[in-house]
$ cat structure19.pdb   # PDB, C-alpha atoms, pLDDT in the B column
ATOM      1  CA  MET J   1     112.765-208.647 134.278  1.00 76.00           C
ATOM      2  CA  THR J   2     109.344-207.008 134.599  1.00 87.00           C
ATOM      3  CA  ALA J   3     109.452-205.944 130.962  1.00 86.00           C
ATOM      4  CA  ILE J   4     110.143-209.520 129.872  1.00 88.00           C
ATOM      5  CA  LYS J   5     107.187-210.795 131.914  1.00 89.00           C
ATOM      6  CA  THR J   6     104.962-208.130 130.418  1.00 89.00           C
ATOM      7  CA  VAL J   7     106.014-208.987 126.875  1.00 86.00           C
ATOM      8  CA  LEU J   8     105.496-212.719 127.477  1.00 85.00           C
ATOM      9  CA  ALA J   9     102.066-212.098 129.018  1.00 82.00           C
ATOM     10  CA  GLU J  10     101.045-209.979 126.021  1.00 82.00           C
ATOM     11  CA  LEU J  11     102.342-212.607 123.614  1.00 77.00           C
ATOM     12  CA  LEU J  12     100.386-215.341 125.398  1.00 77.00           C
ATOM     13  CA  GLY J  13      97.323-213.086 125.345  1.00 75.00           C
ATOM     14  CA  LEU J  14      97.464-213.057 121.550  1.00 70.00           C
ATOM     15  CA  PHE J  15      96.740-216.772 121.524  1.00 69.00           C
ATOM     16  CA  ILE J  16      94.661-217.240 124.674  1.00 71.00           C
ATOM     17  CA  ASP J  17      92.354-214.311 125.338  1.00 72.00           C
ATOM     18  CA  ASP J  18      89.752-216.206 127.340  1.00 77.00           C
ATOM     19  CA  GLY J  19      91.231-218.953 129.481  1.00 82.00           C
ATOM     20  CA  ALA J  20      87.864-220.614 130.150  1.00 85.00           C
ATOM     21  CA  LEU J  21      87.128-220.756 126.412  1.00 88.00           C
ATOM     22  CA  ALA J  22      90.509-222.300 125.647  1.00 87.00           C
ATOM     23  CA  LEU J  23      90.233-224.833 128.472  1.00 90.00           C
ATOM     24  CA  ALA J  24      86.724-225.880 127.423  1.00 93.00           C
ATOM     25  CA  ALA J  25      87.875-226.395 123.827  1.00 93.00           C
ATOM     26  CA  ILE J  26      90.857-228.494 124.948  1.00 93.00           C
ATOM     27  CA  VAL J  27      88.643-230.643 127.193  1.00 96.00           C
ATOM     28  CA  LEU J  28      86.114-231.096 124.372  1.00 97.00           C
ATOM     29  CA  ILE J  29      88.762-232.134 121.869  1.00 96.00           C
ATOM     30  CA  ALA J  30      90.377-234.551 124.331  1.00 97.00           C
ATOM     31  CA  ALA J  31      87.031-236.137 125.213  1.00 96.00           C
ATOM     32  CA  VAL J  32      86.007-236.578 121.579  1.00 97.00           C
ATOM     33  CA  ALA J  33      89.434-237.941 120.665  1.00 96.00           C
ATOM     34  CA  ALA J  34      89.150-240.487 123.470  1.00 96.00           C
ATOM     35  CA  ALA J  35      85.665-241.452 122.295  1.00 95.00           C
ATOM     36  CA  VAL J  36      86.900-241.936 118.729  1.00 95.00           C
ATOM     37  CA  ARG J  37      89.946-243.910 119.789  1.00 95.00           C
ATOM     38  CA  TRP J  38      88.599-246.130 122.555  1.00 96.00           C
ATOM     39  CA  ALA J  39      84.806-246.122 122.302  1.00 93.00           C
ATOM     40  CA  GLY J  40      84.672-246.740 118.575  1.00 93.00           C
ATOM     41  CA  LEU J  41      82.945-243.484 117.664  1.00 93.00           C
ATOM     42  CA  PRO J  42      83.215-242.980 113.888  1.00 95.00           C
ATOM     43  CA  GLY J  43      85.520-240.195 112.764  1.00 93.00           C
ATOM     44  CA  LEU J  44      82.714-238.252 111.098  1.00 96.00           C
ATOM     45  CA  GLY J  45      80.662-238.439 114.286  1.00 95.00           C
ATOM     46  CA  GLY J  46      83.633-237.157 116.257  1.00 96.00           C
ATOM     47  CA  GLY J  47      84.058-234.270 113.845  1.00 96.00           C
ATOM     48  CA  LEU J  48      80.401-233.354 114.150  1.00 97.00           C
ATOM     49  CA  LEU J  49      80.649-233.510 117.955  1.00 97.00           C
ATOM     50  CA  ILE J  50      83.644-231.194 117.904  1.00 97.00           C
ATOM     51  CA  LEU J  51      81.822-228.768 115.605  1.00 97.00           C
ATOM     52  CA  ALA J  52      78.672-228.738 117.744  1.00 97.00           C
ATOM     53  CA  GLY J  53      80.655-228.552 120.974  1.00 97.00           C
ATOM     54  CA  CYS J  54      82.798-225.658 119.775  1.00 96.00           C
ATOM     55  CA  LEU J  55      79.698-223.753 118.666  1.00 97.00           C
ATOM     56  CA  LEU J  56      78.098-224.283 122.090  1.00 96.00           C
ATOM     57  CA  ILE J  57      81.282-223.264 123.891  1.00 95.00           C
ATOM     58  CA  LEU J  58      81.529-220.131 121.753  1.00 93.00           C
ATOM     59  CA  ALA J  59      77.875-219.251 122.378  1.00 94.00           C
ATOM     60  CA  GLU J  60      78.372-219.638 126.129  1.00 92.00           C
ATOM     61  CA  SER J  61      81.482-217.475 126.020  1.00 89.00           C
ATOM     62  CA  LEU J  62      79.678-214.759 124.076  1.00 90.00           C
ATOM     63  CA  ALA J  63      76.757-214.853 126.512  1.00 91.00           C
ATOM     64  CA  ARG J  64      79.171-214.561 129.458  1.00 88.00           C
ATOM     65  CA  ALA J  65      80.896-211.583 127.817  1.00 86.00           C
ATOM     66  CA  ALA J  66      77.552-209.888 127.118  1.00 89.00           C
ATOM     67  CA  ARG J  67      76.496-210.318 130.758  1.00 90.00           C
ATOM     68  CA  ALA J  68      79.803-208.852 131.921  1.00 86.00           C
ATOM     69  CA  ARG J  69      79.419-205.897 129.572  1.00 87.00           C
ATOM     70  CA  ARG J  70      75.875-205.199 130.811  1.00 90.00           C
ATOM     71  CA  ARG J  71      77.170-205.193 134.394  1.00 89.00           C
ATOM     72  CA  GLY J  72      79.866-202.751 133.338  1.00 81.00           C
ATOM     73  CA  GLY J  73      82.735-205.186 133.657  1.00 63.00           C
ATOM     74  CA  GLY J  74      83.912-205.201 130.101  1.00 57.00           C
TER      75      GLY J  74
END
$ encode --input "structure19.pdb" --output "structure tokens"
Amino acid sequence: MTAIKTVLAELLGLFIDDGALALAAIVLIAAVAAAVRWAGLPGLGGGLLILAGCLLILAESLARAARARRRGGG
């Protein structure tokens, strides 16, 4: 049973390496989708928001990883 859990954890790790990064991206996409659907945001504007938001999320994640590496945690 332990081997199965280990394999499943490794398989999940292939798709979700950084849980905070994945969660932030999901929240961003959901918020922009809601804005497009119910607030009347144009589709192109929503796409640009997702692009900008994903770039900011990625930059924050990279900065967090660099800080952890400098502290010796990575």
$ atom_distance --input "structure19.pdb" --atom1 "CA of Ala9 in chain J" --atom2 "CA of Ala22 in chain J"
15.8 Å
$ residues_around --input "structure19.pdb" --residues "range 59-68 of chain J" --least-positions-apart "5" --cutoff "12 Å" --atoms "all atoms listed in the file" --output "tab-separated table (two decimals) with C-alpha atoms, in the frame of the given file"
chain	number	residue	atom	x	y	z
J	17	ASP	CA	92.35	-214.31	125.34
J	18	ASP	CA	89.75	-216.21	127.34
J	19	GLY	CA	91.23	-218.95	129.48
J	20	ALA	CA	87.86	-220.61	130.15
J	21	LEU	CA	87.13	-220.76	126.41
J	22	ALA	CA	90.51	-222.30	125.65
J	23	LEU	CA	90.23	-224.83	128.47
J	24	ALA	CA	86.72	-225.88	127.42
J	25	ALA	CA	87.88	-226.40	123.83
J	52	ALA	CA	78.67	-228.74	117.74
J	53	GLY	CA	80.66	-228.55	120.97
J	54	CYS	CA	82.80	-225.66	119.78
J	73	GLY	CA	82.74	-205.19	133.66
J	74	GLY	CA	83.91	-205.20	130.10
$ atom_distance --input "structure19.pdb" --atom1 "CA of Ala33 in chain J" --atom2 "CA of Gly47 in chain J"
9.4 Å
$ atom_distance --input "structure19.pdb" --atom1 "CA of Thr6 in chain J" --atom2 "CA of Arg71 in chain J"
28.2 Å
